[in-house]
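Undergrad: Below is a structure I'd like to ask you about.
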Amino acid sequence: MMIRSIALAAAAGCALATALPVSASAQESIYVPLFTYRTGAFAGSGIPIANGMSDYLNMLNERDGGIGGVKLLIEECETGYDTKKGVECYEQVKGKKPVITSPYSTGITLQLIPKASVDKIPMLSMAYGLSASADGNVFPWIFNPPATYWDGASAFIKHVAEKEGGLDKLKGKKFGLVHLDAPYGKEPIPLLENLAKEFGFELKLYPVPAAEMQNQSALWLGVRRDRPDWIYLQGWGAMNPTAVKEAAKINYPMEKLVGVWWAGGDDDARGGGAEAKGYKSLNFHAAGANFPVIQDIQKHVIDKGKSQVDKAKVGENLYNRGVYNSMLIAEAIRNAQKITGKKVVTGEDVRRGMESLEITEARLKEIGMEGFAAPVKVSCSDHNGHHKVYVAVWDGSKWTKGSDWMEPMKDKVRPLLEAAAKDYAEKNAGWPKRTEACDKSS
Amino acid sequence: MDILYKIFIDPFVQMGGAPDLLVQTLWEGLVGGVLYALIALGFVLIFKASGVFNFAQGIMMVFAALTLVGLYEKGVPAFLALLLTIGVMYALALGIERMVLRPLVNQPDIILFMATFGLTFVLVGLGELIFGGEPKQMITEQLWLPKGAIDIKMLGGLVSLQKIDIAAAVIASIMVAGLAVFFQSTRIGRALRAVADDHQAALSVGISLNQIWVIVWFTAGIVALATGIMWGARSDVSFALEIIALKALPVLILGGFTSIPGAIVGGLIIGIGEKLGEFYWGPLLGNGIESWLAYFIALAFLLFRPQGLFGEKIIERI
């Protein structure tokens, strides 16, 4: 009996001893889970982004001791770009009081949108997810800066108009949308259909089922037959390099093939070899390692062996995309600390921080990102900002800046987006009306 | 009426109107078909020898291609890397026989099938651990595989044949023919057929089940390597290639799980059928029909031949 009591007491003591430091560290840190995919069919795109996201936040911990003196508790959850696994990740992390989630998949985002307001965990779907979630009045817990897929598609049309001599010259033209046959790939369709009606161009859709990502020859024969004047590529993972290769195979002019920002990985273009030279992709941040922020990551994280990145890939486009994503998270946390006066902020605080986020040119310079990206401003009603993008061009070995920063067609996008948000709320019976107050600064 | 015209008349009008595109589509289908046949052959060989559907065939293709490219990236010359990869596939076959198949002799087929599931996850993990998950470029030039295209002006248009596709079709055809002859006409082939018929009976006449299994899994590994090189050259070498292997399923349904000629003919029917279907009938259904069309074709055949084109007709008397 005595031995049993001692054993029980020892076990309880151990449990308490192990539990105490965890709760203490949780109290003194800010928990930021990262949904990543380093495995599976889409790992080619997922790995550089995961490295960039993780390295930036680790750099803040190493260099600055976290944000506002509070360490970040960073934890990756592997989704494999699988919606089911992504939802499992969410359920797994939500009990640990994350201040924000970042699903990195439109499919996962769509599943988590209804959960965010219930669990009071804001969600950042940076330039992906549901375009309509940019309407903060309907989706107070969802944020998708700096641009929606609809902004991207409108920027593509603007770029084409610039090359063709004006929007009036689009009449009678034929545009193709080669897209992954998944929620992500289908996102720009409503906007493009609308613009097709307005500007009189024809839109042809070329869906690529996930099972055929690397088997696109019949689809591109269809492109050869239809001869679209321009093609917009909304692809992901192994679909992109295959599409670029197939386009080259049918001698499709590379300068008329424009990818959304997610079709702009270095490996996407590199796979096409010399023929891929001239391939274009939209972008909202710079590629390359010549920025103080990247050098700080190099010094404080990579050189200390605390990163998983292959050194040769630091500064590649999708790596920088991950850095940009984490910069938005970090700035929202910093802003939340500022407006609440708290050091250890909660999900509700970070929602407010995100909703009144303003990253100016001066702030970009302060954080070592001068020239890396355009300023960002998010507001209570506008959770996106519809910011400027530019066209990047593959020069055969790296991405280069191929155009000036340009505004998307906000006047066309915003009304459609608000209508879509209203429609979403109506179709989802019981969708909560916004009760969250707007901060003055937003 | 309009829809009937679009289904039954218009595609054939298009074929007649642009015969060069018809030839191009047939060529793409032929290349795809030969490669599907090669993948299917990997499944058939193992099914014949052990009565198990090898779910790991797809990941074996990825693993083989990753090993080849990974070794090259580590500084091993291309052809030496190829030889070493063949060695790795042999070691893998040996390991599978020792650690997976041998302990499961005489177990129900479903147990072996589940074991191949486990094998898939082991190979995925091993591949990611050793080579990482990032896509790699296939070393086509280093393996002296040709680049570029041959453009032929014909039928009032242009037919473009990619040299890598020609090489793929030739290599795959040689491999398919060689394997067919090897397993139909050699002593090992006869032993394989005996094992396929009855494990215990084969053992009783002195056939080494273990040896046959190693040979068959090694051959499936070589097939996986060849397929990985060809598909990798068409896209890139990544874990996404595993999905392509599932294309063998409709081929197997069509050709029968035990027939080498079935895998060949089935591969060609599916390859050509899906390309023609996608190109001429796809626009009617919003494009992107290839992934289910292959199953549709296979199931349509099954209506008339439930055992597959060349599968054995099983008659059970009760």
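Residues in the structure tokens are named by chain (A, B, ... in the order shown) and by number from 1 within that chain; ligands are numbered from 1 in the order shown.
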What residues in chain A lie within 7 Å of chain B, counting only C-alpha atoms, written as an NGL selection string?
TA: :A and (38-44 or 47 or 206-209 or 211-212 or 214 or 217-218 or 222 or 238 or 241-242 or 271)
Undergrad: Once you have the residues from the selection above, write them out as a PDB file, in the first residue's frame, restricted to N, CA and C atoms.
TA:
```pdb
ATOM      1  N   ARG A  38       5.489  19.552 -46.503  1.00  0.00           N
ATOM      2  CA  ARG A  38       6.836  19.191 -46.937  1.00  0.00           C
ATOM      3  C   ARG A  38       6.829  17.809 -47.575  1.00  0.00           C
ATOM      4  N   THR A  39       5.672  17.171 -47.611  1.00  0.00           N
ATOM      5  CA  THR A  39       5.570  15.833 -48.192  1.00  0.00           C
ATOM      6  C   THR A  39       4.427  15.812 -49.207  1.00  0.00           C
ATOM      7  N   GLY A  40       4.406  14.764 -50.014  1.00  0.00           N
ATOM      8  CA  GLY A  40       3.290  14.558 -50.927  1.00  0.00           C
ATOM      9  C   GLY A  40       3.486  15.214 -52.282  1.00  0.00           C
ATOM     10  N   ALA A  41       2.425  15.131 -53.073  1.00  0.00           N
ATOM     11  CA  ALA A  41       2.495  15.539 -54.475  1.00  0.00           C
ATOM     12  C   ALA A  41       2.770  17.031 -54.654  1.00  0.00           C
ATOM     13  N   PHE A  42       2.468  17.847 -53.651  1.00  0.00           N
ATOM     14  CA  PHE A  42       2.638  19.284 -53.796  1.00  0.00           C
ATOM     15  C   PHE A  42       3.831  19.820 -52.999  1.00  0.00           C
ATOM     16  N   ALA A  43       4.665  18.905 -52.525  1.00  0.00           N
ATOM     17  CA  ALA A  43       5.800  19.311 -51.684  1.00  0.00           C
ATOM     18  C   ALA A  43       6.758  20.239 -52.420  1.00  0.00           C
ATOM     19  N   GLY A  44       6.843  20.092 -53.723  1.00  0.00           N
ATOM     20  CA  GLY A  44       7.742  20.938 -54.508  1.00  0.00           C
ATOM     21  C   GLY A  44       7.458  22.411 -54.294  1.00  0.00           C
ATOM     22  N   ILE A  47       7.592  23.082 -49.821  1.00  0.00           N
ATOM     23  CA  ILE A  47       8.842  23.125 -49.042  1.00  0.00           C
ATOM     24  C   ILE A  47       9.460  24.533 -48.986  1.00  0.00           C
ATOM     25  N   TYR A 206      -9.564  25.310 -69.328  1.00  0.00           N
ATOM     26  CA  TYR A 206      -8.814  24.056 -69.485  1.00  0.00           C
ATOM     27  C   TYR A 206      -8.504  23.501 -68.090  1.00  0.00           C
ATOM     28  N   PRO A 207      -9.430  22.763 -67.495  1.00  0.00           N
ATOM     29  CA  PRO A 207      -9.157  22.230 -66.149  1.00  0.00           C
ATOM     30  C   PRO A 207      -8.180  21.053 -66.193  1.00  0.00           C
ATOM     31  N   VAL A 208      -7.315  21.007 -65.205  1.00  0.00           N
ATOM     32  CA  VAL A 208      -6.357  19.890 -65.089  1.00  0.00           C
ATOM     33  C   VAL A 208      -6.690  19.128 -63.807  1.00  0.00           C
ATOM     34  N   PRO A 209      -7.264  17.922 -63.913  1.00  0.00           N
ATOM     35  CA  PRO A 209      -7.532  17.157 -62.687  1.00  0.00           C
ATOM     36  C   PRO A 209      -6.216  16.848 -61.964  1.00  0.00           C
ATOM     37  N   ALA A 211      -5.119  14.271 -60.716  1.00  0.00           N
ATOM     38  CA  ALA A 211      -4.512  13.005 -61.144  1.00  0.00           C
ATOM     39  C   ALA A 211      -3.776  13.137 -62.479  1.00  0.00           C
ATOM     40  N   GLU A 212      -4.032  14.219 -63.210  1.00  0.00           N
ATOM     41  CA  GLU A 212      -3.412  14.389 -64.529  1.00  0.00           C
ATOM     42  C   GLU A 212      -2.394  15.524 -64.550  1.00  0.00           C
ATOM     43  N   GLN A 214       0.666  15.657 -64.277  1.00  0.00           N
ATOM     44  CA  GLN A 214       1.880  15.414 -65.056  1.00  0.00           C
ATOM     45  C   GLN A 214       1.577  14.727 -66.379  1.00  0.00           C
ATOM     46  N   SER A 217      -0.764  16.335 -72.000  1.00  0.00           N
ATOM     47  CA  SER A 217      -0.548  16.503 -73.439  1.00  0.00           C
ATOM     48  C   SER A 217      -1.846  16.725 -74.214  1.00  0.00           C
ATOM     49  N   ALA A 218      -2.937  16.019 -73.840  1.00  0.00           N
ATOM     50  CA  ALA A 218      -4.197  16.189 -74.580  1.00  0.00           C
ATOM     51  C   ALA A 218      -4.747  17.598 -74.373  1.00  0.00           C
ATOM     52  N   GLY A 222      -5.476  20.626 -77.175  1.00  0.00           N
ATOM     53  CA  GLY A 222      -6.684  21.461 -77.240  1.00  0.00           C
ATOM     54  C   GLY A 222      -6.305  22.932 -77.352  1.00  0.00           C
ATOM     55  N   ALA A 238       3.229  20.095 -59.102  1.00  0.00           N
ATOM     56  CA  ALA A 238       3.825  19.530 -60.314  1.00  0.00           C
ATOM     57  C   ALA A 238       3.072  19.935 -61.577  1.00  0.00           C
ATOM     58  N   PRO A 241       5.340  23.050 -63.694  1.00  0.00           N
ATOM     59  CA  PRO A 241       6.427  22.761 -64.632  1.00  0.00           C
ATOM     60  C   PRO A 241       5.952  21.952 -65.837  1.00  0.00           C
ATOM     61  N   THR A 242       4.950  21.076 -65.605  1.00  0.00           N
ATOM     62  CA  THR A 242       4.434  20.282 -66.727  1.00  0.00           C
ATOM     63  C   THR A 242       3.754  21.200 -67.735  1.00  0.00           C
ATOM     64  N   GLY A 271      11.934  23.888 -64.806  1.00  0.00           N
ATOM     65  CA  GLY A 271      11.592  22.609 -65.427  1.00  0.00           C
ATOM     66  C   GLY A 271      11.412  22.719 -66.930  1.00  0.00           C
TER      67      GLY A 271
END
```
Undergrad: Would you list the contacts of Ile46 of chain B as an MDAnalysis selection string, taking every protein, DNA or RNA residue within 10 Å and counting only C-alpha atoms, but skipping same-chain residues closer than 2 positions in sequence?
TA: chainID B and resid 41:44 48:54 57 192 196 213 215:220 257:258
Undergrad: Can you measure atom CA of Arg352 of chain A to atom CA of Pro114 of chain A for me? One decimal in Å is fine.
TA: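 Pair atom CA of Arg352 of chain A / atom CA of Pro114 of chain A returns 18.3 Å.
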Undergrad: What gap, in Å, lies between atom CA of Ser204 of chain B and atom CA of Met99 of chain B?
TA: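 Interatomic distance here is 23.1 Å.
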Undergrad: With only C-alpha atoms as the counted atoms, please give the residues lying no more than 10 Å from Lys280 of chain A, apart from itself and same-chain residues fewer than 4 positions off, as a list in words.
TA: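 What passes the distance filter is Tyr232, Leu233, Met254, Glu255, Lys256, Leu257, Val258, Gly259, Val260, Trp261, Ala263, Gly264, Ala269, Ala276, Val391, Ala392, Val393, Trp394, Asp395, Trp399, Thr400, Lys401 and Gly402 of chain A.
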Undergrad: Can you list, as a ChimeraX atom specification, every protein, DNA or RNA residue that comes within 9 Å of segment 174-185 of chain A when you count only C-alpha atoms, leaving out same-chain residues fewer than 2 positions away?
TA: /A:105-107,110,128-130,149,170-172,187-189,192,196,201-210,213,219,223,226-236,239,243 /B:288
Undergrad: Have a look at atom CA of Ala91 of chain B and atom CA of Pro77 of chain B and let me know their distance in Å, one decimal.
TA: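 Interatomic distance, atom CA of Ala91 of chain B to atom CA of Pro77 of chain B: 20.5 Å.
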Undergrad: Set the distance at 12 Å and use only C-alpha atoms: which residues neighbour Phe296 of chain B once local chain neighbours fewer than 3 positions away are removed? I'd like the list as a list of chain:residue names.
TA: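 Final neighbour list, sorted by chain and number: B:Leu249, B:Pro250, B:Val251, B:Ile253, B:Leu254, B:Ile269, B:Ile270, B:Gly273, B:Glu274, B:Gly277, B:Ile289, B:Glu290, B:Ser291, B:Trp292, B:Leu293, B:Leu299, B:Ala300, B:Phe301, B:Leu302, B:Leu303.
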Undergrad: So which residues of segment 256-321 of chain A fall under alpha helix (DSSP H) by DSSP, listed as a PyMOL selection string?
TA: chain A and resi 266-270+292-297+317-321
Undergrad: Just list as a ChimeraX atom specification whatever in segment 36-155 of chain B DSSP marks as strand (DSSP E).
TA: /B:149-154
Undergrad: Suppose we keep C-alpha atoms; can you now write the selection as an mmCIF file, in the first residue's frame?
TA:
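Saved the output as part33.cif:
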```
data_model
loop_
_atom_site.group_PDB
_atom_site.id
_atom_site.type_symbol
_atom_site.label_atom_id
_atom_site.label_comp_id
_atom_site.auth_asym_id
_atom_site.auth_seq_id
_atom_site.Cartn_x
_atom_site.Cartn_y
_atom_site.Cartn_z
ATOM 1 C CA ALA B 149 11.362 17.756 -81.743
ATOM 2 C CA ILE B 150 10.993 16.422 -85.248
ATOM 3 C CA ASP B 151 8.434 18.530 -87.098
ATOM 4 C CA ILE B 152 6.813 16.784 -90.032
ATOM 5 C CA LYS B 153 4.726 18.770 -92.469
ATOM 6 C CA MET B 154 1.894 16.466 -93.463
#
```
